[in-house]
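File shown: upload_4.csv. Contents: CSV, C-alpha atoms and all ligand atoms.
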chain,number,residue,atom,x,y,z
T,197,MET,CA,11.4,-12.9,-4.6
T,198,PRO,CA,8.8,-14.6,-6.9
T,199,SER,CA,7.9,-18.2,-5.9
T,200,THR,CA,8.4,-19.7,-9.3
T,201,SER,CA,11.0,-19.5,-12.1
T,202,GLY,CA,8.3,-20.1,-14.8
T,203,MET,CA,7.4,-23.0,-17.0
T,204,LYS,CA,9.6,-25.8,-18.4
T,205,PRO,CA,11.7,-23.9,-21.0
T,206,GLY,CA,12.8,-24.5,-24.6
T,207,GLY,CA,9.3,-24.6,-25.9
T,208,PHE,CA,8.2,-27.6,-23.7
T,209,TYR,CA,5.4,-25.5,-22.2
T,210,ASP,CA,4.3,-24.4,-25.7
T,211,SER,CA,4.1,-28.0,-26.9
T,212,HIS,CA,2.1,-29.2,-23.9
T,213,SER,CA,-0.4,-26.5,-23.1
T,214,ASP,CA,-3.3,-27.0,-25.5
T,215,THR,CA,-5.4,-27.5,-22.4
T,216,GLN,CA,-4.6,-24.0,-21.2
T,217,GLY,CA,-5.2,-22.8,-24.8
T,218,ALA,CA,-8.7,-24.4,-24.8
T,219,ALA,CA,-9.5,-22.6,-21.5
T,220,ILE,CA,-8.4,-19.3,-23.1
T,221,ASP,CA,-10.7,-20.0,-26.1
T,222,ALA,CA,-13.6,-20.3,-23.7
T,223,PHE,CA,-13.1,-16.9,-22.1
T,224,LEU,CA,-11.6,-14.7,-24.8
T,225,PRO,CA,-15.0,-14.1,-26.6
T,226,TRP,CA,-16.1,-12.1,-23.5
T,227,LEU,CA,-13.4,-9.6,-24.3
T,228,VAL,CA,-13.7,-9.7,-28.1
T,229,GLU,CA,-17.3,-8.7,-27.7
T,230,ALA,CA,-16.4,-5.9,-25.2
T,231,ILE,CA,-13.9,-4.4,-27.7
T,232,GLY,CA,-16.9,-2.7,-29.2
T,233,GLU,CA,-17.1,-0.5,-26.1
T,234,LEU,CA,-13.4,0.2,-25.8
T,235,PRO,CA,-12.3,3.9,-25.9
T,236,ILE,CA,-10.3,4.3,-29.1
T,237,PRO,CA,-7.5,7.0,-28.8
T,238,PRO,CA,-7.7,9.8,-31.3
T,239,THR,CA,-5.6,9.5,-34.4
T,240,GLY,CA,-2.1,10.8,-33.7
T,241,GLY,CA,-2.6,10.3,-29.9
T,242,PRO,CA,-0.8,7.7,-27.8
T,243,PRO,CA,-1.3,4.2,-29.3
T,244,LEU,CA,-3.9,1.7,-28.1
T,245,THR,CA,-2.0,-0.6,-25.8
T,246,LEU,CA,-2.8,-4.2,-24.8
T,247,LEU,CA,-0.9,-6.1,-22.1
T,248,ASP,CA,-0.9,-9.8,-21.5
T,249,LEU,CA,0.4,-10.9,-18.0
T,250,GLY,CA,2.1,-14.2,-17.6
T,251,SER,CA,2.6,-14.9,-21.3
T,252,SER,CA,5.2,-17.7,-20.8
T,253,GLN,CA,6.8,-18.9,-24.1
T,254,GLY,CA,4.0,-17.2,-26.1
T,255,LYS,CA,2.2,-19.8,-28.2
T,256,ASN,CA,-1.2,-19.4,-26.4
T,257,ALA,CA,-0.6,-15.7,-25.5
T,258,ILE,CA,0.1,-14.7,-29.1
T,259,ARG,CA,-2.9,-16.6,-30.4
T,260,ALA,CA,-5.1,-14.9,-27.9
T,261,MET,CA,-3.7,-11.4,-28.6
T,262,ARG,CA,-4.0,-12.0,-32.4
T,263,GLY,CA,-7.7,-12.6,-31.8
T,264,LEU,CA,-8.0,-9.3,-29.9
T,265,ALA,CA,-5.9,-7.4,-32.5
T,266,GLU,CA,-8.3,-8.6,-35.2
T,267,ALA,CA,-11.3,-7.3,-33.2
T,268,ILE,CA,-9.4,-4.0,-32.7
T,269,ARG,CA,-8.7,-3.7,-36.4
T,270,ARG,CA,-12.4,-3.7,-37.0
T,271,ARG,CA,-12.6,-0.5,-35.0
T,272,THR,CA,-9.4,1.4,-35.9
T,273,GLU,CA,-6.6,1.3,-38.4
T,274,SER,CA,-4.3,3.2,-36.0
T,275,PRO,CA,-1.1,1.4,-34.8
T,276,ALA,CA,-1.4,-0.5,-31.6
T,277,TRP,CA,1.0,-2.0,-29.1
T,278,VAL,CA,0.7,-5.5,-27.7
T,279,LEU,CA,3.0,-6.1,-24.7
T,280,PHE,CA,3.8,-9.6,-23.4
T,281,SER,CA,5.0,-9.9,-19.9
T,282,ASP,CA,6.2,-12.5,-17.5
T,283,LEU,CA,8.8,-13.0,-14.7
T,284,PRO,CA,12.4,-12.1,-15.7
T,285,THR,CA,13.3,-15.8,-15.5
T,286,ASN,CA,10.8,-16.7,-18.2
T,287,ASP,CA,12.0,-18.1,-21.6
T,288,PHE,CA,11.6,-14.8,-23.5
T,289,ASN,CA,13.8,-16.1,-26.4
T,290,ARG,CA,11.1,-18.6,-27.2
T,291,LEU,CA,8.5,-15.9,-27.0
T,292,PHE,CA,10.4,-13.7,-29.5
T,293,ALA,CA,10.9,-16.8,-31.8
T,294,ASN,CA,7.1,-17.3,-31.7
T,295,LEU,CA,6.5,-13.7,-32.5
T,296,PHE,CA,8.6,-13.9,-35.6
T,297,PRO,CA,7.8,-17.3,-37.0
T,298,HIS,CA,9.3,-16.5,-40.4
T,299,GLY,CA,12.6,-15.3,-39.0
T,300,PRO,CA,14.1,-12.0,-38.0
T,301,GLY,CA,13.0,-9.1,-40.2
T,302,SER,CA,9.6,-10.6,-41.0
T,303,THR,CA,6.4,-9.0,-39.7
T,304,PRO,CA,5.3,-10.1,-36.2
T,305,ALA,CA,2.6,-12.7,-35.9
T,306,LEU,CA,0.0,-10.2,-34.8
T,307,GLY,CA,-0.8,-8.5,-38.1
T,308,GLU,CA,0.0,-5.3,-39.9
T,309,GLY,CA,0.3,-2.2,-37.7
T,310,VAL,CA,0.3,-4.2,-34.5
T,311,PHE,CA,3.7,-3.8,-32.7
T,312,ALA,CA,4.9,-6.3,-30.1
T,313,ALA,CA,7.2,-5.9,-27.2
T,314,ALA,CA,8.0,-7.9,-24.1
T,315,VAL,CA,8.3,-6.6,-20.5
T,316,ALA,CA,9.8,-8.5,-17.6
T,317,GLY,CA,8.2,-8.0,-14.2
T,318,SER,CA,5.8,-9.3,-11.7
T,319,ALA,CA,2.1,-9.0,-12.4
T,320,TYR,CA,1.6,-8.1,-8.7
T,321,GLY,CA,3.2,-4.7,-9.3
T,322,LEU,CA,3.0,-2.1,-12.1
T,323,ILE,CA,4.2,-3.4,-15.5
T,324,VAL,CA,3.5,-0.3,-17.6
T,325,PRO,CA,3.2,3.5,-16.8
T,326,PRO,CA,0.0,4.7,-15.0
T,327,ALA,CA,-3.1,5.2,-17.2
T,328,SER,CA,-1.4,3.9,-20.4
T,329,LEU,CA,-3.3,0.7,-20.9
T,330,HIS,CA,-6.5,0.0,-22.8
T,331,VAL,CA,-6.7,-3.8,-22.3
T,332,ALA,CA,-5.1,-6.2,-19.9
T,333,THR,CA,-5.4,-10.0,-20.0
T,334,SER,CA,-4.2,-12.7,-17.7
T,335,PHE,CA,-4.6,-16.4,-18.5
T,336,ASN,CA,-3.7,-19.3,-16.2
T,337,MET,CA,-1.4,-17.0,-14.2
T,338,ILE,CA,-2.9,-15.5,-11.1
T,339,GLY,CA,-3.1,-18.8,-9.3
T,340,TRP,CA,0.7,-18.5,-8.9
T,341,LEU,CA,1.4,-17.0,-5.6
T,342,ASP,CA,3.8,-14.0,-5.4
T,343,ALA,CA,5.6,-15.6,-2.5
T,344,LEU,CA,5.2,-18.7,-0.3
T,345,PRO,CA,3.9,-17.9,3.2
T,346,HIS,CA,5.9,-19.2,6.1
T,347,ALA,CA,4.0,-22.4,6.5
T,348,ARG,CA,4.4,-26.1,6.1
T,349,LEU,CA,2.4,-28.8,4.3
T,350,PRO,CA,4.3,-32.0,5.3
T,351,ARG,CA,1.6,-34.4,4.0
T,352,TYR,CA,0.9,-32.9,0.6
T,353,LEU,CA,2.3,-30.6,-2.1
T,354,LEU,CA,-0.5,-28.1,-2.5
T,355,ALA,CA,-2.6,-26.0,-0.1
T,356,THR,CA,-5.8,-27.0,-1.9
T,357,GLY,CA,-5.2,-30.5,-0.7
T,358,PRO,CA,-5.7,-33.9,-2.3
T,359,SER,CA,-8.9,-34.8,-4.1
T,360,ALA,CA,-9.4,-37.7,-1.6
T,361,ARG,CA,-8.0,-37.8,1.9
T,362,GLY,CA,-5.6,-40.7,2.2
T,363,ASP,CA,-3.3,-42.1,4.9
T,364,ARG,CA,-0.4,-40.2,3.7
T,365,SER,CA,-1.9,-37.1,2.2
T,366,ALA,CA,-4.1,-34.5,3.8
T,367,VAL,CA,-4.2,-30.7,4.3
T,368,THR,CA,-6.1,-29.3,7.2
T,369,ASP,CA,-8.0,-26.0,7.2
T,370,GLU,CA,-5.4,-24.5,9.5
T,371,GLU,CA,-2.6,-25.5,7.2
T,372,ARG,CA,-4.5,-24.0,4.2
T,373,GLU,CA,-5.2,-20.7,5.9
T,374,PRO,CA,-1.8,-18.9,5.3
T,375,PHE,CA,-2.1,-19.7,1.6
T,376,ARG,CA,-5.6,-18.4,1.4
T,377,ARG,CA,-4.4,-15.2,3.0
T,378,GLN,CA,-1.4,-14.9,0.7
T,379,ALA,CA,-3.6,-15.4,-2.4
T,380,ALA,CA,-6.1,-12.8,-1.2
T,381,SER,CA,-3.4,-10.3,-0.6
T,382,ASP,CA,-1.8,-11.1,-4.0
T,383,LEU,CA,-5.1,-10.6,-5.7
T,384,ARG,CA,-5.6,-7.1,-4.1
T,385,ARG,CA,-2.2,-6.1,-5.3
T,386,PHE,CA,-2.9,-7.4,-8.8
T,387,TYR,CA,-6.1,-5.4,-9.0
T,388,ARG,CA,-4.5,-2.2,-7.6
T,389,ALA,CA,-1.7,-2.5,-10.2
T,390,ARG,CA,-4.2,-2.9,-13.1
T,391,ALA,CA,-6.4,-0.1,-11.7
T,392,GLY,CA,-3.2,2.1,-11.9
T,393,GLU,CA,-2.4,1.0,-15.5
T,394,LEU,CA,-5.8,1.0,-17.2
T,395,VAL,CA,-7.4,4.1,-18.7
T,396,PRO,CA,-11.1,4.8,-17.8
T,397,ASP,CA,-13.3,2.3,-19.7
T,398,GLY,CA,-10.3,0.0,-20.2
T,399,LYS,CA,-10.9,-3.7,-19.9
T,400,LEU,CA,-9.4,-6.5,-17.8
T,401,LEU,CA,-10.0,-10.2,-18.6
T,402,ILE,CA,-8.8,-12.8,-16.1
T,403,GLN,CA,-9.0,-16.6,-16.6
T,404,VAL,CA,-7.3,-19.0,-14.2
T,405,PHE,CA,-7.4,-22.6,-13.1
T,406,GLY,CA,-9.7,-22.8,-10.0
T,407,ARG,CA,-12.2,-24.5,-7.9
T,408,ASP,CA,-15.9,-25.0,-8.1
T,409,GLU,CA,-17.1,-25.0,-4.5
T,410,ALA,CA,-20.6,-26.1,-5.4
T,411,ASN,CA,-19.5,-29.3,-7.1
T,412,ASP,CA,-16.5,-29.9,-4.8
T,413,ARG,CA,-14.2,-30.0,-7.8
T,414,SER,CA,-10.8,-28.4,-8.3
T,415,ALA,CA,-8.6,-28.2,-11.4
T,416,SER,CA,-5.8,-29.5,-9.1
T,417,ASP,CA,-7.6,-32.9,-8.7
T,418,GLY,CA,-5.8,-35.7,-10.4
T,419,ILE,CA,-2.6,-33.7,-11.3
T,420,TYR,CA,-1.2,-33.3,-7.8
T,421,ASP,CA,-2.6,-36.6,-6.6
T,422,VAL,CA,-0.5,-38.5,-9.2
T,423,LEU,CA,2.5,-36.3,-8.7
T,424,SER,CA,2.3,-36.7,-4.9
T,425,ALA,CA,2.0,-40.5,-5.3
T,426,ALA,CA,5.0,-40.7,-7.7
T,427,LEU,CA,7.1,-38.6,-5.4
T,428,LEU,CA,6.2,-40.8,-2.5
T,429,ASP,CA,7.3,-43.8,-4.7
T,430,LEU,CA,10.7,-42.2,-5.0
T,431,VAL,CA,10.9,-41.6,-1.2
T,432,ASP,CA,9.9,-45.2,-0.6
T,433,ASP,CA,12.5,-46.7,-2.9
T,434,GLY,CA,15.2,-44.4,-1.3
T,435,THR,CA,15.8,-42.2,-4.4
T,436,LEU,CA,14.6,-39.1,-2.5
T,437,PRO,CA,14.9,-38.2,1.2
T,438,ALA,CA,11.5,-37.9,2.9
T,439,GLU,CA,12.3,-34.2,3.7
T,440,VAL,CA,12.2,-33.3,0.0
T,441,TYR,CA,8.5,-34.4,0.0
T,442,GLU,CA,7.7,-32.9,3.4
T,443,ASP,CA,9.2,-29.5,2.4
T,444,LEU,CA,8.0,-29.3,-1.2
T,445,ILE,CA,5.1,-26.8,-1.6
T,446,PHE,CA,3.7,-25.7,-4.9
T,447,PRO,CA,3.2,-21.9,-4.9
T,448,LEU,CA,-0.3,-22.1,-6.2
T,449,TYR,CA,-3.8,-21.3,-5.0
T,450,PHE,CA,-7.0,-22.6,-6.7
T,451,ARG,CA,-9.6,-19.9,-6.3
T,452,THR,CA,-13.4,-20.0,-6.6
T,453,THR,CA,-15.1,-17.3,-8.8
T,454,ARG,CA,-16.4,-15.9,-5.5
T,455,GLU,CA,-12.8,-15.4,-4.2
T,456,LEU,CA,-11.8,-13.9,-7.6
T,457,VAL,CA,-14.3,-11.0,-7.4
T,458,GLU,CA,-14.4,-10.7,-3.6
T,459,PRO,CA,-11.8,-7.8,-3.4
T,460,ILE,CA,-13.8,-5.7,-5.9
T,461,GLU,CA,-16.8,-6.0,-3.5
T,462,SER,CA,-15.0,-5.6,-0.2
T,463,GLU,CA,-12.2,-3.1,-0.9
T,464,PRO,CA,-13.6,0.5,-1.3
T,465,ASP,CA,-10.8,1.7,-3.6
T,466,LEU,CA,-11.2,-1.4,-5.9
T,467,ALA,CA,-15.0,-1.1,-5.8
T,468,SER,CA,-14.7,2.5,-7.1
T,469,ALA,CA,-12.0,1.5,-9.6
T,470,PHE,CA,-13.8,-1.5,-11.3
T,471,ARG,CA,-17.1,-2.8,-12.5
T,472,VAL,CA,-17.5,-6.6,-12.8
T,473,ASP,CA,-19.2,-7.2,-16.1
T,474,ARG,CA,-19.1,-10.9,-16.0
T,475,ALA,CA,-17.7,-13.6,-13.6
T,476,GLU,CA,-18.2,-17.4,-14.1
T,477,THR,CA,-16.9,-20.8,-13.3
T,478,VAL,CA,-16.5,-22.8,-16.5
T,479,GLU,CA,-15.4,-26.4,-17.0
T,480,THR,CA,-13.3,-26.1,-20.1
T,481,PRO,CA,-12.4,-29.0,-22.5
T,482,VAL,CA,-9.3,-31.0,-21.9
T,483,PRO,CA,-8.0,-32.1,-25.3
T,484,PHE,CA,-6.1,-35.2,-24.0
T,485,ASN,CA,-9.1,-36.6,-22.2
T,486,ALA,CA,-10.6,-37.4,-25.6
T,487,GLU,CA,-8.0,-40.2,-25.8
T,488,LEU,CA,-9.9,-42.0,-23.0
T,489,GLU,CA,-12.9,-42.5,-25.3
T,490,ARG,CA,-10.7,-44.2,-27.9
T,491,ASP,CA,-10.2,-48.0,-27.6
T,492,GLY,CA,-6.8,-48.5,-26.1
T,493,GLY,CA,-6.3,-44.8,-25.7
T,494,HIS,CA,-5.1,-45.0,-22.1
T,495,GLY,CA,-1.5,-45.1,-23.0
T,496,GLU,CA,-1.7,-42.0,-25.2
T,497,TRP,CA,-3.9,-40.2,-22.5
T,498,ALA,CA,-1.2,-41.0,-19.8
T,499,ARG,CA,1.6,-39.8,-22.1
T,500,ARG,CA,-0.1,-36.5,-22.9
T,501,PHE,CA,-1.4,-35.9,-19.3
T,502,THR,CA,2.2,-36.4,-18.1
T,503,GLY,CA,3.6,-33.9,-20.7
T,504,PHE,CA,0.9,-31.4,-19.6
T,505,LEU,CA,1.7,-31.6,-15.9
T,506,ARG,CA,5.4,-31.8,-16.4
T,507,ALA,CA,5.4,-28.5,-18.3
T,508,PHE,CA,4.4,-26.5,-15.2
T,509,THR,CA,5.5,-28.8,-12.3
T,510,GLU,CA,9.0,-29.7,-13.3
T,511,PRO,CA,10.7,-26.3,-12.5
T,512,VAL,CA,9.2,-26.4,-9.0
T,513,VAL,CA,10.2,-30.0,-8.3
T,514,ALA,CA,13.7,-29.5,-9.8
T,515,ALA,CA,14.3,-26.5,-7.4
T,516,ALA,CA,13.5,-28.8,-4.4
T,517,ILE,CA,16.0,-31.6,-5.3
T,518,PRO,CA,19.1,-31.4,-3.1
T,519,THR,CA,22.2,-30.3,-5.2
T,520,ASN,CA,24.1,-33.4,-4.3
T,521,LEU,CA,21.6,-35.6,-6.1
T,522,ALA,CA,21.4,-36.3,-9.9
T,523,ALA,CA,18.4,-34.0,-10.6
T,524,GLU,CA,18.0,-34.9,-14.3
T,525,GLU,CA,17.8,-38.7,-13.6
T,526,ILE,CA,15.5,-38.2,-10.7
T,527,LEU,CA,13.1,-36.0,-12.8
T,528,ALA,CA,13.1,-38.5,-15.6
T,529,SER,CA,12.2,-41.3,-13.3
T,530,LEU,CA,9.6,-39.2,-11.4
T,531,TYR,CA,7.7,-38.5,-14.6
T,532,ARG,CA,8.0,-42.1,-15.8
T,533,ARG,CA,6.4,-43.1,-12.5
T,534,VAL,CA,3.6,-40.5,-13.1
T,535,GLU,CA,2.9,-41.9,-16.6
T,536,THR,CA,2.9,-45.5,-15.3
T,537,ARG,CA,0.5,-44.6,-12.5
T,538,LEU,CA,-1.8,-42.8,-14.8
T,539,GLU,CA,-1.9,-45.6,-17.3
T,540,GLU,CA,-2.5,-48.2,-14.6
T,541,ASP,CA,-5.3,-46.3,-12.8
T,542,PRO,CA,-6.9,-43.6,-15.0
T,543,ASP,CA,-10.1,-43.4,-12.9
T,544,ARG,CA,-8.2,-42.5,-9.7
T,545,TYR,CA,-6.5,-39.5,-11.4
T,546,GLU,CA,-9.5,-38.0,-13.3
T,547,PHE,CA,-8.6,-34.5,-14.3
T,548,ARG,CA,-11.2,-31.8,-15.2
T,549,PHE,CA,-10.2,-28.2,-16.0
T,550,ILE,CA,-12.3,-26.0,-13.8
T,551,SER,CA,-11.6,-22.4,-14.9
T,552,VAL,CA,-12.7,-19.3,-13.1
T,553,GLY,CA,-12.8,-16.0,-14.9
T,554,ALA,CA,-13.9,-12.4,-14.7
T,555,LEU,CA,-14.3,-9.4,-17.2
T,556,LEU,CA,-13.9,-6.0,-15.5
T,557,THR,CA,-14.2,-2.5,-16.7
T,558,ARG,CA,-12.0,0.3,-15.3
T,559,LEU,CA,-14.3,3.0,-14.0
T,560,GLY,CA,-13.5,6.7,-14.8
H,601,LIG,C1,0.7,-21.7,-16.8
H,601,LIG,S1,1.6,-20.4,-17.4
H,601,LIG,C2,0.4,-19.6,-18.5
H,601,LIG,C3,1.0,-19.1,-19.8
H,601,LIG,C4,-0.1,-18.6,-20.8
H,601,LIG,N1,-0.7,-17.4,-20.2
H,601,LIG,C5,-1.1,-19.6,-21.0
H,601,LIG,O1,-2.3,-19.4,-20.6
H,601,LIG,O2,-0.8,-20.6,-21.7
H,601,LIG,C6,1.8,-19.3,-16.1
H,601,LIG,C7,2.8,-18.2,-16.3
H,601,LIG,O3,2.6,-17.2,-15.3
H,601,LIG,C8,3.9,-16.7,-15.0
H,601,LIG,N2,3.9,-16.1,-13.7
H,601,LIG,C9,3.9,-16.7,-12.5
H,601,LIG,N3,4.0,-15.7,-11.5
H,601,LIG,C10,4.0,-14.5,-12.1
H,601,LIG,C11,4.1,-13.2,-11.7
H,601,LIG,N4,4.1,-12.9,-10.4
H,601,LIG,N5,4.1,-12.2,-12.6
H,601,LIG,C12,4.1,-12.5,-13.9
H,601,LIG,N6,4.0,-13.8,-14.4
H,601,LIG,C13,4.0,-14.8,-13.5
H,601,LIG,C14,4.8,-18.0,-15.1
H,601,LIG,O4,6.2,-17.6,-15.2
H,601,LIG,C15,4.2,-18.6,-16.3
H,601,LIG,O5,4.9,-18.3,-17.5
Can the structure from this file be put into structure tokens for me?
Amino acid sequence: MPSTSGMKPGGFYDSHSDTQGAAIDAFLPWLVEAIGELPIPPTGGPPLTLLDLGSSQGKNAIRAMRGLAEAIRRRTESPAWVLFSDLPTNDFNRLFANLFPHGPGSTPALGEGVFAAAVAGSAYGLIVPPASLHVATSFNMIGWLDALPHARLPRYLLATGPSARGDRSAVTDEEREPFRRQAASDLRRFYRARAGELVPDGKLLIQVFGRDEANDRSASDGIYDVLSAALLDLVDDGTLPAEVYEDLIFPLYFRTTRELVEPIESEPDLASAFRVDRAETVETPVPFNAELERDGGHGEWARRFTGFLRAFTEPVVAAAIPTNLAAEEILASLYRRVETRLEEDPDRYEFRFISVGALLTRLG
């Protein structure tokens, strides 16, 4: 059973994810450039097929795939498939609405001759038939664990740990270890599934929120510190039982670039299936941080930061609230606390988007 139900639905993620969009923009050119080397199927053969994994409600995913479709159009006029995939619990209605912005019957947002479809399933298994795929992409997705390990983190919400060790928040190396192992095993399954799906010379681009070991920075810094502090506020004022905090674990792992490519080097079947063309850690721009440079911009920064973190954290927090409590009210008050804390102490919750990414080629 997947460890998440997806992003906050109804278009909320779409409206609060320009930070993820900026990270995609930083990595997509790697793949656009590589489209020049892509094997183009002969006219009349099976169509060129692209798959995006973890597309969510589609705004960022469709924009990225449109960029790729344009690059492909420069090589061939033949029809192509673009497949969008996510967990079955994803808000696919919103994805289809984004694909047809001018209403049903209009051409999809990807351009002439580019056909779109959605597939539900987990990226840690096969999504399309073997050897049917030319390009696979995955943005801001493979940090989500396939399943939570049997482990506890009673003094924090996330295995990566807080950005600063405090009296009430800490994660030990022993506590982190089961999450590291789960993430490593997920990644091997992800690569094996893509190795099965991609044709020889097919391309795989991965970008995901991560960690820069050298600079001791993680894309989780700030976000989970403020969420943790706001949850503890609700425990302290009696709104939430302490066990809700102690039992709550975000099914996420923030990898380094080293960890991202490690299975390709250490697993013989993956080493013979893939070549790593490029792998890097990049600090990508955070649009809402620009507010901090504006006089009096802290309020707007706090508001936009809160929307950004709410879009991907609310479904996980909501699932942890006992059914006898008024979840909607609690969530509203939690994210109000988050916003207030951010506005009062912006330096304490500095957020920088550390992305890790890799471009791989399927070997023949
Ligand atoms: C932060 S969103 C990223 C959306 C989009 N790719 C972007 O970059 O804006 C992460 C997405 O990954 C999806 N996801 C999480 N685990 C997944 C899995 N095992 N298989 C497929 N999608 C998954 C979530 O449902 C969510 O829609």
Neighbourhood of ligand LIG 601 (chain H) at 9 Å, counting all atoms listed in the file, reported as a PyMOL selection string: chain T and resi 198-204+209-210+213-217+219-220+248-257+281-287+316-321+333-343+382+403-405+507-508
Requested write-out: C-alpha atoms of the selected residues, as a PDB file, keeping the file's coordinate frame:
ATOM      1  CA  PRO T 198       8.800 -14.600  -6.900  1.00  0.00           C
ATOM      2  CA  SER T 199       7.900 -18.200  -5.900  1.00  0.00           C
ATOM      3  CA  THR T 200       8.400 -19.700  -9.300  1.00  0.00           C
ATOM      4  CA  SER T 201      11.000 -19.500 -12.100  1.00  0.00           C
ATOM      5  CA  GLY T 202       8.300 -20.100 -14.800  1.00  0.00           C
ATOM      6  CA  MET T 203       7.400 -23.000 -17.000  1.00  0.00           C
ATOM      7  CA  LYS T 204       9.600 -25.800 -18.400  1.00  0.00           C
ATOM      8  CA  TYR T 209       5.400 -25.500 -22.200  1.00  0.00           C
ATOM      9  CA  ASP T 210       4.300 -24.400 -25.700  1.00  0.00           C
ATOM     10  CA  SER T 213      -0.400 -26.500 -23.100  1.00  0.00           C
ATOM     11  CA  ASP T 214      -3.300 -27.000 -25.500  1.00  0.00           C
ATOM     12  CA  THR T 215      -5.400 -27.500 -22.400  1.00  0.00           C
ATOM     13  CA  GLN T 216      -4.600 -24.000 -21.200  1.00  0.00           C
ATOM     14  CA  GLY T 217      -5.200 -22.800 -24.800  1.00  0.00           C
ATOM     15  CA  ALA T 219      -9.500 -22.600 -21.500  1.00  0.00           C
ATOM     16  CA  ILE T 220      -8.400 -19.300 -23.100  1.00  0.00           C
ATOM     17  CA  ASP T 248      -0.900  -9.800 -21.500  1.00  0.00           C
ATOM     18  CA  LEU T 249       0.400 -10.900 -18.000  1.00  0.00           C
ATOM     19  CA  GLY T 250       2.100 -14.200 -17.600  1.00  0.00           C
ATOM     20  CA  SER T 251       2.600 -14.900 -21.300  1.00  0.00           C
ATOM     21  CA  SER T 252       5.200 -17.700 -20.800  1.00  0.00           C
ATOM     22  CA  GLN T 253       6.800 -18.900 -24.100  1.00  0.00           C
ATOM     23  CA  GLY T 254       4.000 -17.200 -26.100  1.00  0.00           C
ATOM     24  CA  LYS T 255       2.200 -19.800 -28.200  1.00  0.00           C
ATOM     25  CA  ASN T 256      -1.200 -19.400 -26.400  1.00  0.00           C
ATOM     26  CA  ALA T 257      -0.600 -15.700 -25.500  1.00  0.00           C
ATOM     27  CA  SER T 281       5.000  -9.900 -19.900  1.00  0.00           C
ATOM     28  CA  ASP T 282       6.200 -12.500 -17.500  1.00  0.00           C
ATOM     29  CA  LEU T 283       8.800 -13.000 -14.700  1.00  0.00           C
ATOM     30  CA  PRO T 284      12.400 -12.100 -15.700  1.00  0.00           C
ATOM     31  CA  THR T 285      13.300 -15.800 -15.500  1.00  0.00           C
ATOM     32  CA  ASN T 286      10.800 -16.700 -18.200  1.00  0.00           C
ATOM     33  CA  ASP T 287      12.000 -18.100 -21.600  1.00  0.00           C
ATOM     34  CA  ALA T 316       9.800  -8.500 -17.600  1.00  0.00           C
ATOM     35  CA  GLY T 317       8.200  -8.000 -14.200  1.00  0.00           C
ATOM     36  CA  SER T 318       5.800  -9.300 -11.700  1.00  0.00           C
ATOM     37  CA  ALA T 319       2.100  -9.000 -12.400  1.00  0.00           C
ATOM     38  CA  TYR T 320       1.600  -8.100  -8.700  1.00  0.00           C
ATOM     39  CA  GLY T 321       3.200  -4.700  -9.300  1.00  0.00           C
ATOM     40  CA  THR T 333      -5.400 -10.000 -20.000  1.00  0.00           C
ATOM     41  CA  SER T 334      -4.200 -12.700 -17.700  1.00  0.00           C
ATOM     42  CA  PHE T 335      -4.600 -16.400 -18.500  1.00  0.00           C
ATOM     43  CA  ASN T 336      -3.700 -19.300 -16.200  1.00  0.00           C
ATOM     44  CA  MET T 337      -1.400 -17.000 -14.200  1.00  0.00           C
ATOM     45  CA  ILE T 338      -2.900 -15.500 -11.100  1.00  0.00           C
ATOM     46  CA  GLY T 339      -3.100 -18.800  -9.300  1.00  0.00           C
ATOM     47  CA  TRP T 340       0.700 -18.500  -8.900  1.00  0.00           C
ATOM     48  CA  LEU T 341       1.400 -17.000  -5.600  1.00  0.00           C
ATOM     49  CA  ASP T 342       3.800 -14.000  -5.400  1.00  0.00           C
ATOM     50  CA  ALA T 343       5.600 -15.600  -2.500  1.00  0.00           C
ATOM     51  CA  ASP T 382      -1.800 -11.100  -4.000  1.00  0.00           C
ATOM     52  CA  GLN T 403      -9.000 -16.600 -16.600  1.00  0.00           C
ATOM     53  CA  VAL T 404      -7.300 -19.000 -14.200  1.00  0.00           C
ATOM     54  CA  PHE T 405      -7.400 -22.600 -13.100  1.00  0.00           C
ATOM     55  CA  ALA T 507       5.400 -28.500 -18.300  1.00  0.00           C
ATOM     56  CA  PHE T 508       4.400 -26.500 -15.200  1.00  0.00           C
TER      57      PHE T 508
END
For Leu224 in chain T, the nearest of the candidates T:Ala528, T:Ile402, T:Leu291, T:Ile236, counting all atoms listed in the file: T:Ile402
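Distance annotation: of T:Val552, T:Ala438, T:Leu247, T:Ala514, the residue with the minimal separation from Thr480 in chain T is T:Val552; atom set is all atoms listed in the file.
In terms of minimum interatomic distance to Thr557 in chain T, T:Pro235 ranks closest within T:Gly207, T:Pro235, T:Pro542, T:Gly434, counting all atoms listed in the file.
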Separation of CA of Pro396 in chain T from CA of Val478 in chain T, in Å and rounded to one decimal: 28.2 Å
Pick out the residues sitting within 10 Å of Gly560 in chain T, and hand them over as a compact mmCIF listing (two decimals) with C-alpha atoms, in the frame of the given file; count all atoms listed in the file, and ignore anything fewer than 2 positions along from it in its own chain.
# COMPACT_ATOMS: atom_id res chain seq x y z
CA LEU T 394 -5.80 1.00 -17.20
CA VAL T 395 -7.40 4.10 -18.70
CA PRO T 396 -11.10 4.80 -17.80
CA ASP T 397 -13.30 2.30 -19.70
CA GLY T 398 -10.30 0.00 -20.20
CA SER T 468 -14.70 2.50 -7.10
CA ALA T 469 -12.00 1.50 -9.60
CA PHE T 470 -13.80 -1.50 -11.30
CA THR T 557 -14.20 -2.50 -16.70
CA ARG T 558 -12.00 0.30 -15.30
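Nearest-residue note for Ala426 in chain T: choosing from T:Ser302, T:Thr536, T:Ser211, T:Asn289, the minimum distance belongs to T:Thr536, counting only C-alpha atoms.
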